[in-house]
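Asks: Next comes my_file00.txt, compact mmCIF, C-alpha atoms and all ligand atoms:
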# COMPACT_ATOMS: atom_id res chain seq x y z
CA MET M 250 -61.83 -14.97 23.18
CA PRO M 251 -63.12 -18.44 24.16
CA ILE M 252 -65.29 -20.29 21.63
CA VAL M 253 -67.44 -21.77 24.40
CA GLU M 254 -68.11 -20.25 27.79
CA ALA M 255 -70.49 -21.73 30.34
CA GLU M 256 -71.14 -20.11 33.68
CA GLY M 257 -73.38 -21.82 36.21
CA LEU M 258 -75.08 -23.67 33.38
CA THR M 259 -78.03 -25.63 34.73
CA LYS M 260 -80.82 -27.76 33.30
CA THR M 261 -83.67 -29.20 35.28
CA TYR M 262 -86.23 -31.31 33.45
CA ARG M 263 -89.77 -31.58 34.72
CA VAL M 264 -90.96 -35.12 34.22
CA PHE M 265 -94.59 -36.25 34.46
CA GLN M 266 -95.00 -39.02 37.05
CA LYS M 267 -97.46 -41.62 35.91
CA ARG M 268 -99.25 -43.33 38.78
CA ASP M 269 -99.67 -47.10 39.05
CA GLY M 270 -102.91 -48.86 38.13
CA LEU M 271 -106.12 -47.72 36.45
CA VAL M 272 -107.31 -45.59 39.38
CA GLY M 273 -103.92 -43.90 39.50
CA ALA M 274 -104.02 -43.26 35.76
CA VAL M 275 -107.50 -41.67 36.02
CA ARG M 276 -106.41 -39.57 39.01
CA GLY M 277 -103.40 -38.50 37.02
CA LEU M 278 -105.72 -36.98 34.41
CA PHE M 279 -106.94 -34.45 36.98
CA HIS M 280 -103.95 -34.16 39.29
CA ARG M 281 -100.74 -34.28 37.38
CA GLU M 282 -97.64 -34.95 39.45
CA TYR M 283 -94.21 -33.97 38.32
CA ARG M 284 -90.70 -34.92 39.36
CA GLU M 285 -87.66 -32.75 38.80
CA VAL M 286 -84.59 -34.22 37.16
CA ARG M 287 -81.53 -32.08 37.77
CA ALA M 288 -79.59 -33.11 34.68
CA VAL M 289 -76.91 -30.37 34.77
CA GLU M 290 -76.13 -28.37 37.91
CA GLY M 291 -74.22 -25.14 37.65
CA ILE M 292 -71.31 -26.21 35.48
CA ARG M 293 -68.61 -23.75 34.52
CA PHE M 294 -65.94 -24.13 31.84
CA SER M 295 -64.52 -22.43 28.78
CA ILE M 296 -62.98 -23.75 25.59
CA GLU M 297 -60.44 -21.82 23.55
CA PRO M 298 -60.29 -21.79 19.72
CA GLY M 299 -58.73 -24.94 18.26
CA GLU M 300 -59.01 -27.06 21.41
CA MET M 301 -60.13 -30.70 21.16
CA VAL M 302 -61.87 -31.49 24.42
CA ALA M 303 -63.45 -34.74 25.61
CA PHE M 304 -66.59 -34.57 27.67
CA LEU M 305 -66.80 -37.71 29.77
CA GLY M 306 -69.29 -39.10 32.22
CA PRO M 307 -71.30 -42.26 32.94
CA ASN M 308 -74.79 -42.80 31.50
CA GLY M 309 -77.19 -40.08 32.53
CA ALA M 310 -74.43 -37.74 33.75
CA GLY M 311 -75.66 -34.76 31.72
CA LYS M 312 -73.39 -34.77 28.65
CA THR M 313 -76.03 -34.76 25.92
CA THR M 314 -78.07 -32.21 27.83
CA THR M 315 -75.04 -29.91 27.95
CA LEU M 316 -74.35 -30.35 24.23
CA LYS M 317 -77.99 -29.58 23.50
CA MET M 318 -77.76 -26.35 25.53
CA LEU M 319 -74.53 -25.38 23.75
CA SER M 320 -76.22 -25.87 20.39
CA GLY M 321 -79.38 -24.05 21.36
CA LEU M 322 -81.68 -27.07 21.02
CA ILE M 323 -82.90 -26.62 24.59
CA TYR M 324 -83.03 -23.66 26.95
CA PRO M 325 -80.95 -23.72 30.13
CA SER M 326 -82.93 -23.51 33.38
CA GLY M 327 -80.19 -21.36 34.85
CA GLY M 328 -76.77 -19.88 34.24
CA THR M 329 -75.45 -18.57 30.96
CA THR M 330 -73.56 -19.84 27.97
CA THR M 331 -71.91 -18.06 25.10
CA VAL M 332 -70.90 -20.07 22.06
CA LEU M 333 -69.00 -18.44 19.19
CA GLY M 334 -69.99 -15.12 20.71
CA TYR M 335 -73.74 -15.88 20.61
CA THR M 336 -76.37 -17.05 23.06
CA PRO M 337 -77.16 -20.46 21.53
CA SER M 338 -80.88 -20.48 22.37
CA ASP M 339 -81.33 -17.36 20.19
CA ARG M 340 -80.55 -19.69 17.25
CA VAL M 341 -79.57 -16.83 14.99
CA ASP M 342 -78.46 -17.79 11.49
CA ALA M 343 -74.92 -16.51 11.93
CA PHE M 344 -74.50 -18.84 14.90
CA ARG M 345 -76.00 -21.88 13.21
CA ARG M 346 -73.68 -21.46 10.22
CA GLN M 347 -70.62 -21.80 12.39
CA PHE M 348 -71.21 -24.96 14.34
CA ALA M 349 -72.34 -28.54 13.79
CA LEU M 350 -73.76 -31.13 16.13
CA VAL M 351 -73.35 -34.80 15.27
CA MET M 352 -75.22 -37.34 17.35
CA GLY M 353 -74.09 -40.92 16.85
CA GLN M 354 -77.56 -42.20 17.67
CA LYS M 355 -79.51 -39.88 15.37
CA ASN M 356 -79.60 -39.65 11.58
CA GLN M 357 -79.59 -36.35 9.76
CA LEU M 358 -79.43 -37.89 6.31
CA TRP M 359 -82.39 -39.03 4.24
CA TRP M 360 -82.64 -42.76 4.68
CA ASP M 361 -83.96 -43.64 1.21
CA LEU M 362 -81.83 -41.27 -0.80
CA PRO M 363 -78.13 -41.32 -1.61
CA ALA M 364 -76.01 -39.25 0.80
CA GLN M 365 -75.07 -37.08 -2.17
CA ASP M 366 -78.67 -35.73 -2.27
CA SER M 367 -78.57 -34.78 1.40
CA PHE M 368 -75.20 -33.09 0.84
CA GLU M 369 -76.75 -31.05 -2.01
CA LEU M 370 -79.57 -30.00 0.31
CA HIS M 371 -76.97 -28.85 2.84
CA ARG M 372 -75.30 -26.84 0.12
CA GLU M 373 -78.61 -25.12 -0.62
CA ILE M 374 -79.48 -24.51 3.04
CA TYR M 375 -76.08 -23.05 3.85
CA GLN M 376 -75.84 -21.40 0.42
CA LEU M 377 -72.33 -22.70 -0.06
CA PRO M 378 -70.48 -21.56 -3.18
CA ARG M 379 -70.24 -24.55 -5.58
CA ASP M 380 -66.43 -24.54 -5.78
CA GLU M 381 -65.99 -24.47 -2.04
CA TYR M 382 -68.63 -27.19 -1.60
CA ARG M 383 -66.97 -29.45 -4.21
CA GLU M 384 -63.56 -28.92 -2.69
CA THR M 385 -64.73 -29.77 0.86
CA LEU M 386 -66.77 -32.75 -0.33
CA ASP M 387 -63.83 -34.20 -2.30
CA GLU M 388 -61.53 -33.63 0.64
CA LEU M 389 -63.85 -35.35 3.10
CA THR M 390 -64.90 -38.29 0.91
CA THR M 391 -61.21 -38.97 0.23
CA LEU M 392 -60.23 -38.64 3.89
CA LEU M 393 -62.98 -41.05 4.94
CA ASP M 394 -62.59 -43.29 1.91
CA VAL M 395 -66.26 -43.22 0.91
CA ALA M 396 -66.12 -41.47 -2.48
CA ALA M 397 -67.62 -44.54 -4.20
CA LEU M 398 -70.57 -44.75 -1.80
CA THR M 399 -72.14 -41.30 -1.91
CA ARG M 400 -74.60 -42.31 -4.66
CA GLN M 401 -75.92 -45.36 -2.85
CA PRO M 402 -79.10 -45.04 -0.74
CA VAL M 403 -78.12 -44.42 2.88
CA ARG M 404 -80.22 -47.36 4.10
CA GLU M 405 -77.94 -49.72 2.15
CA LEU M 406 -74.79 -48.50 3.88
CA SER M 407 -73.15 -50.13 6.89
CA LEU M 408 -73.33 -48.37 10.26
CA GLY M 409 -69.72 -47.19 9.91
CA GLU M 410 -70.26 -45.89 6.38
CA ARG M 411 -73.40 -44.08 7.49
CA MET M 412 -71.55 -42.42 10.35
CA LYS M 413 -68.88 -41.25 7.92
CA MET M 414 -71.60 -39.71 5.72
CA GLU M 415 -73.12 -38.00 8.78
CA LEU M 416 -69.74 -36.54 9.57
CA ILE M 417 -69.31 -35.28 6.01
CA ALA M 418 -72.74 -33.63 6.11
CA ALA M 419 -71.78 -31.94 9.38
CA LEU M 420 -68.46 -30.64 8.06
CA LEU M 421 -69.58 -29.45 4.62
CA HIS M 422 -70.17 -25.89 5.77
CA ARG M 423 -66.75 -25.84 7.50
CA PRO M 424 -68.01 -25.22 11.03
CA ARG M 425 -65.69 -23.54 13.51
CA LEU M 426 -67.12 -25.63 16.33
CA LEU M 427 -67.93 -29.32 16.10
CA LEU M 428 -69.98 -30.94 18.85
CA LEU M 429 -69.83 -34.72 18.66
CA ASP M 430 -72.08 -36.91 20.79
CA GLU M 431 -70.84 -40.51 20.68
CA PRO M 432 -69.68 -40.40 17.05
CA THR M 433 -68.22 -43.92 17.13
CA ILE M 434 -70.95 -45.70 19.07
CA GLY M 435 -71.48 -49.26 17.87
CA LEU M 436 -68.66 -49.11 15.31
CA ASP M 437 -65.94 -51.72 14.92
CA VAL M 438 -62.37 -50.80 15.78
CA VAL M 439 -61.35 -50.18 12.15
CA ALA M 440 -64.23 -47.75 11.56
CA GLN M 441 -63.51 -46.04 14.90
CA VAL M 442 -59.88 -45.51 13.94
CA THR M 443 -60.83 -44.16 10.48
CA ILE M 444 -63.14 -41.61 12.06
CA GLN M 445 -60.53 -40.62 14.64
CA LYS M 446 -57.93 -40.17 11.88
CA CYS M 447 -60.30 -38.08 9.80
CA LEU M 448 -61.15 -35.81 12.72
CA LYS M 449 -57.50 -35.43 13.60
CA GLU M 450 -56.46 -34.67 10.03
CA TYR M 451 -59.37 -32.30 9.51
CA HIS M 452 -58.55 -30.53 12.75
CA ALA M 453 -54.92 -30.14 11.64
CA ARG M 454 -56.05 -28.63 8.32
CA ARG M 455 -58.89 -26.40 9.47
CA GLY M 456 -58.19 -25.94 13.18
CA MET M 457 -61.82 -26.25 14.23
CA THR M 458 -62.71 -26.49 17.92
CA MET M 459 -64.16 -29.79 19.02
CA LEU M 460 -66.08 -31.08 22.01
CA LEU M 461 -66.61 -34.82 21.98
CA THR M 462 -68.49 -37.24 24.18
CA SER M 463 -67.55 -40.88 23.93
CA HIS M 464 -67.60 -44.00 26.03
CA TYR M 465 -64.58 -45.27 24.06
CA MET M 466 -61.41 -44.14 25.76
CA ARG M 467 -59.52 -44.84 22.52
CA ASP M 468 -61.36 -41.88 20.94
CA VAL M 469 -60.34 -39.70 23.83
CA GLU M 470 -56.69 -40.78 23.84
CA ALA M 471 -56.45 -40.42 20.06
CA LEU M 472 -58.01 -36.98 19.85
CA CYS M 473 -58.15 -34.97 23.03
CA ASP M 474 -55.57 -33.41 25.33
CA ARG M 475 -58.11 -32.06 27.72
CA VAL M 476 -61.02 -33.73 29.46
CA LEU M 477 -64.07 -32.45 31.25
CA VAL M 478 -65.64 -35.04 33.53
CA ILE M 479 -69.25 -34.69 34.57
CA ASN M 480 -71.19 -36.88 36.98
CA HIS M 481 -74.73 -36.41 38.32
CA GLY M 482 -74.76 -33.02 36.57
CA HIS M 483 -71.64 -31.72 38.36
CA LEU M 484 -68.36 -30.99 36.67
CA ILE M 485 -65.82 -32.93 38.70
CA TYR M 486 -62.65 -32.59 36.65
CA ASP M 487 -61.33 -30.15 34.07
CA GLY M 488 -57.76 -30.75 33.04
CA ASP M 489 -55.38 -32.79 30.92
CA LEU M 490 -55.37 -36.55 30.51
CA ALA M 491 -52.09 -37.02 32.34
CA GLY M 492 -53.47 -35.09 35.31
CA LEU M 493 -56.45 -37.42 35.42
CA SER M 494 -54.17 -40.46 35.68
CA ASN M 495 -51.97 -38.76 38.28
CA ARG M 496 -54.89 -37.87 40.44
CA PHE M 497 -57.14 -40.89 40.14
CA GLY M 498 -54.85 -43.67 38.91
CA GLN M 499 -53.51 -44.72 42.28
CA THR M 500 -51.47 -47.59 40.94
CA LYS M 501 -48.92 -48.13 38.18
CA LEU M 502 -48.13 -51.23 36.21
CA ILE M 503 -44.51 -52.41 36.24
CA LYS M 504 -43.73 -54.68 33.27
CA LEU M 505 -40.67 -56.84 33.74
CA GLU M 506 -38.66 -58.96 31.35
CA PHE M 507 -36.17 -61.18 33.17
CA ALA M 508 -32.69 -61.66 31.70
CA GLU M 509 -32.62 -65.40 32.40
CA GLY M 510 -35.23 -68.13 32.85
CA GLU M 511 -38.79 -67.96 34.07
CA ALA M 512 -40.36 -65.14 36.08
CA PRO M 513 -39.66 -65.86 39.80
CA SER M 514 -42.52 -67.28 41.89
CA ASP M 515 -42.13 -64.84 44.81
CA LEU M 516 -43.10 -61.62 42.96
CA ALA M 517 -46.24 -61.17 45.07
CA ARG M 518 -44.06 -59.67 47.83
CA PHE M 519 -43.62 -56.58 45.60
CA GLY M 520 -47.27 -55.96 44.66
CA ASP M 521 -50.28 -57.53 42.89
CA VAL M 522 -49.05 -59.86 40.19
CA GLU M 523 -51.31 -59.31 37.17
CA ARG M 524 -49.47 -61.70 34.86
CA ALA M 525 -46.45 -64.01 35.00
CA GLU M 526 -45.69 -65.98 31.86
CA GLY M 527 -42.36 -67.36 30.74
CA GLY M 528 -39.70 -64.76 31.41
CA GLU M 529 -42.20 -61.86 31.71
CA ALA M 530 -44.35 -60.51 34.52
CA GLU M 531 -46.60 -57.53 35.28
CA ILE M 532 -46.99 -56.21 38.81
CA ARG M 533 -49.44 -53.53 39.96
CA VAL M 534 -47.91 -51.27 42.55
CA GLU M 535 -49.11 -48.23 44.48
CA ARG M 536 -47.99 -45.06 42.71
CA SER M 537 -46.05 -43.77 45.74
CA LYS M 538 -44.09 -47.03 46.08
CA VAL M 539 -42.95 -47.47 42.45
CA ALA M 540 -39.35 -46.26 42.98
CA GLU M 541 -38.88 -48.30 46.14
CA VAL M 542 -40.31 -51.49 44.60
CA LEU M 543 -38.32 -51.05 41.39
CA GLY M 544 -35.12 -50.66 43.44
CA ALA M 545 -35.86 -53.87 45.36
CA ILE M 546 -36.60 -55.80 42.14
CA LEU M 547 -33.38 -54.59 40.52
CA ASP M 548 -31.42 -55.65 43.62
CA ALA M 549 -32.98 -59.11 43.58
CA TYR M 550 -33.02 -60.03 39.85
CA ARG M 551 -31.26 -59.43 36.54
CA LEU M 552 -33.66 -57.76 34.12
CA ALA M 553 -33.54 -57.53 30.32
CA ASP M 554 -36.17 -54.76 30.24
CA VAL M 555 -38.53 -52.82 32.48
CA VAL M 556 -41.45 -50.48 31.68
CA VAL M 557 -43.59 -48.49 34.11
CA GLN M 558 -47.08 -47.67 32.80
CA ASP M 559 -50.11 -45.72 33.95
CA PRO M 560 -53.24 -47.86 34.28
CA PRO M 561 -55.50 -47.93 31.20
CA LEU M 562 -57.72 -44.85 30.89
CA GLU M 563 -60.86 -47.03 31.24
CA GLN M 564 -59.73 -47.99 34.75
CA VAL M 565 -58.88 -44.42 35.70
CA ILE M 566 -62.21 -43.13 34.46
CA ALA M 567 -64.13 -45.89 36.25
CA ARG M 568 -62.37 -44.82 39.44
CA VAL M 569 -63.22 -41.14 38.85
CA PHE M 570 -66.90 -42.00 38.43
CA GLN M 571 -66.82 -44.21 41.50
CA GLU M 572 -65.10 -41.62 43.68
CA SER M 573 -67.34 -38.81 42.51
CA LYS M 574 -70.28 -40.56 44.16
CA SER M 575 -68.74 -39.58 47.50
CA PRO M 576 -69.76 -36.14 48.84
CA SER M 577 -66.14 -34.93 49.03
CA LEU M 578 -65.95 -34.91 45.24
CA GLY M 579 -69.50 -33.85 44.59
CA GLY M 580 -68.87 -30.22 43.62
CA ALA M 581 -67.14 -28.72 40.61
CA ASP M 582 -63.42 -29.20 40.91
CA HIS M 583 -61.15 -27.58 38.39
CA ASP M 584 -57.67 -28.93 38.07
CA ALA M 585 -56.63 -26.86 35.14
CA ALA M 586 -57.87 -24.52 32.47
N1 LIG R 1 -86.00 -34.74 27.67
C1 LIG R 1 -85.77 -35.19 28.92
N2 LIG R 1 -86.76 -35.16 29.84
C2 LIG R 1 -86.54 -35.57 31.09
N3 LIG R 1 -85.36 -36.03 31.56
C3 LIG R 1 -84.33 -36.08 30.69
C4 LIG R 1 -84.48 -35.65 29.33
N4 LIG R 1 -83.29 -35.79 28.70
C5 LIG R 1 -82.44 -36.29 29.62
N5 LIG R 1 -83.06 -36.46 30.81
C6 LIG R 1 -82.45 -36.94 32.07
O1 LIG R 1 -81.38 -36.07 32.38
C7 LIG R 1 -80.26 -36.80 32.87
C8 LIG R 1 -79.05 -36.52 31.99
O2 LIG R 1 -79.29 -37.09 30.71
P1 LIG R 1 -78.26 -36.93 29.50
O3 LIG R 1 -78.90 -37.53 28.28
O4 LIG R 1 -77.82 -35.52 29.40
O5 LIG R 1 -77.05 -37.83 30.01
P2 LIG R 1 -75.75 -38.35 29.23
O6 LIG R 1 -74.59 -38.03 30.09
O7 LIG R 1 -75.73 -37.83 27.83
O8 LIG R 1 -75.99 -39.92 29.23
P3 LIG R 1 -75.60 -41.06 28.14
O9 LIG R 1 -74.12 -41.29 28.26
O10 LIG R 1 -76.39 -42.25 28.61
O11 LIG R 1 -76.03 -40.56 26.78
C9 LIG R 1 -80.69 -38.26 32.91
O12 LIG R 1 -81.14 -38.54 34.20
C10 LIG R 1 -81.85 -38.31 31.92
O13 LIG R 1 -82.77 -39.32 32.27
Show the structure stored in the file as structure tokens.

Replies:
Amino acid sequence: MPIVEAEGLTKTYRVFQKRDGLVGAVRGLFHREYREVRAVEGIRFSIEPGEMVAFLGPNGAGKTTTLKMLSGLIYPSGGTTTVLGYTPSDRVDAFRRQFALVMGQKNQLWWDLPAQDSFELHREIYQLPRDEYRETLDELTTLLDVAALTRQPVRELSLGERMKMELIAALLHRPRLLLLDEPTIGLDVVAQVTIQKCLKEYHARRGMTMLLTSHYMRDVEALCDRVLVINHGHLIYDGDLAGLSNRFGQTKLIKLEFAEGEAPSDLARFGDVERAEGGEAEIRVERSKVAEVLGAILDAYRLADVVVQDPPLEQVIARVFQESKSPSLGGADHDAA
């Protein structure tokens, strides 16, 4: 049975429109005008136990709104969703005990107290047996390398350390489903990698299901095999990472190392030369022409090495977002799953 199922899930916000000027403001007191924001429009997907899925989309695409509906923080305007067998907006205890939502931009922990005190409160709220709590806490503080910091007030911790504590608090009750909204936002690369490693390791040990939003493609590549892409409230891709590159990455990068001397000056006849330095060069070539171009290069020059790469995920994703503005890609489009 899927852990998450969404069918036609929709959220429309009603936003008060403030009028310009004093007269407008006074008029607004008597005649309130509203505008509808269609944040999520009829999305459909399901997630199986143990999957690690990335939820991608540009700013304002509807990611946080979807996560909030999946955790029962807001009611959908339409459609249905079942999470862990429950309707999230019912917020029953049995449901809340089995999932956690971590928002990179929001703190759950008490600012002036050591994280340890917030962890204790979690233990009380979730009524965790002491042994199990100790075991999980030790495991997580070791994994994230913050055992020495749990007794320091949270406000004195760095952003990265605070995020690690947030993650610990979220995992203490061993949730079966972890919803992560930008868990590495604003962190340096080292802290990002530590958090990725912890999530990966923890997933390997406990096999929880995870849905993650992130603007850092490194998070996605490190953790997720499957991606859901949302734009303007529509789900426009549901499939694996490789499929995303195949479909939207229209070019490939050919990296060449020449056997003798400098890179030749006439490489532009094969494609767009991205770099040519010393005996090395990189040429961007249309996906459908890679074999032909490679054959021509091998005929013309002696090579010491050659590598053909997909474009970086950032580029592919930027292209997906760009293309999804066109009407032909506007609706939900499921490649896999
Ligand atoms: N409480 C709210 N009231 C009114 N409109 C909202 C509310 N929350 C979000 N929106 C609007 O709904 C749309 C989707 O917002 P959402 O926060 O879900 O996007 P997102 O994909 O998470 O974006 P980001 O990557 O910037 O966090 C946006 O147009 C946003 O302005």

Asks: Using only C-alpha atoms and all ligand atoms, which protein or nucleic acid residues are at most 6 Å from ligand LIG 1 (chain R), as a ChimeraX atom specification?

Replies: /M:262,264,286,288,306-314

Asks: In Å to one decimal, how far is atom CA of Ile252 of chain M from atom CA of Asn480 of chain M?

Replies: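 Rounded to one decimal, the two atoms are 23.4 Å apart.
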
Asks: Mind checking which residues fall within 6 Å of segment 444-460 of chain M, counting only C-alpha atoms, ignoring those fewer than 3 positions away in the same chain, and posting them as an mmCIF file with C-alpha atoms, in the frame of the given file?

Replies:
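Produced file selection23.cif, reproduced below:
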data_model
loop_
_atom_site.group_PDB
_atom_site.id
_atom_site.type_symbol
_atom_site.label_atom_id
_atom_site.label_comp_id
_atom_site.auth_asym_id
_atom_site.auth_seq_id
_atom_site.Cartn_x
_atom_site.Cartn_y
_atom_site.Cartn_z
ATOM 1 C CA PRO M 298 -60.290 -21.790 19.720
ATOM 2 C CA GLY M 299 -58.730 -24.940 18.260
ATOM 3 C CA GLU M 300 -59.010 -27.060 21.410
ATOM 4 C CA MET M 301 -60.130 -30.700 21.160
ATOM 5 C CA VAL M 302 -61.870 -31.490 24.420
ATOM 6 C CA ALA M 303 -63.450 -34.740 25.610
ATOM 7 C CA LEU M 392 -60.230 -38.640 3.890
ATOM 8 C CA ARG M 425 -65.690 -23.540 13.510
ATOM 9 C CA LEU M 426 -67.120 -25.630 16.330
ATOM 10 C CA LEU M 427 -67.930 -29.320 16.100
ATOM 11 C CA LEU M 428 -69.980 -30.940 18.850
ATOM 12 C CA GLN M 441 -63.510 -46.040 14.900
#

Asks: I'd like to know which of M:Gly409, M:Gly492, M:Pro402, M:Pro560 is closest to Glu523 of chain M, using all atoms listed in the file.

Replies: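 Distance minimum relative to Glu523 of chain M lands on M:Pro560.
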
Asks: Nearest residue to Lys501 of chain M out of M:Arg551, M:Arg518, M:Lys538, M:Arg475, using all atoms listed in the file?

Replies: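 Ranking M:Arg551, M:Arg518, M:Lys538, M:Arg475 by distance to Lys501 of chain M, first place goes to M:Lys538.
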
Asks: Give me the segment 271-353 of chain M side of the contact with segment 366-381 of chain M, cut-off 12 Å, one line per residue showing its nearest atom pair and distance in Å at one decimal, counting all atoms listed in the file, sorted by chain and residue number, as a tab-separated table.

Replies:
residue	atom	partner	partner_atom	distance
M:Asp342	CA	M:Tyr375	CA	9.6
M:Ala343	CA	M:Tyr375	CA	10.5
M:Phe344	CA	M:Tyr375	CA	11.9
M:Arg345	CA	M:Tyr375	CA	9.4
M:Arg346	CA	M:Tyr375	CA	7.0
M:Gln347	CA	M:Tyr375	CA	10.2
M:Phe348	CA	M:Tyr375	CA	11.7
M:Ala349	CA	M:His371	CA	11.9

Asks: Please, what distance in Å, to one decimal, runs between atom CA of Lys317 of chain M and atom CA of Arg284 of chain M?

Replies: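 These atoms are spaced 21.0 Å apart.
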
Asks: Under the rule that all atoms listed in the file are counted, which of M:Leu389, M:Ile292, M:Ile503, M:Ala517 is the nearest residue to Met318 of chain M?

Replies: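 The closest residue to Met318 of chain M is M:Ile292.
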
Asks: Grab the atom CA of Arg293 of chain M to atom CA of Leu305 of chain M distance for me, in Å with one decimal place.

Replies: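 Here the two named atoms are 14.9 Å from each other.
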
Asks: Tell me which of M:Gly257, M:Gly520, M:Gly498, M:Gly510 sits closest to Ala553 of chain M, counting all atoms listed in the file.

Replies: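 Closest candidate: M:Gly510.
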
Asks: Give me the residues near Gly328 of chain M as number ranges by chain, where near means some atom within 8 Å (using only C-alpha atoms) and where sequence neighbours in that chain fewer than 4 positions away do not count.

Replies: M: 255-259, 291

Asks: Applying 12 Å and all atoms listed in the file, which residues near Glu535 of chain M remain after dropping the ones on its own chain fewer than 3 positions away? List them as a PyMOL selection string.

Replies: chain M and resi 495+497-503+519-521+532+538-543+557-560

Asks: Can you tell me which residues surround segment 279-282 of chain M at a distance of at most 12 Å, considering all atoms listed in the file, apart from same-chain residues fewer than 6 positions away, and format the answer as a list of chain:residue names?

Replies: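 Counting all atoms listed in the file, the residues come to M:Arg263, M:Val264, M:Phe265, M:Gln266, M:Lys267, M:Arg268, M:Val272, M:Gly273.
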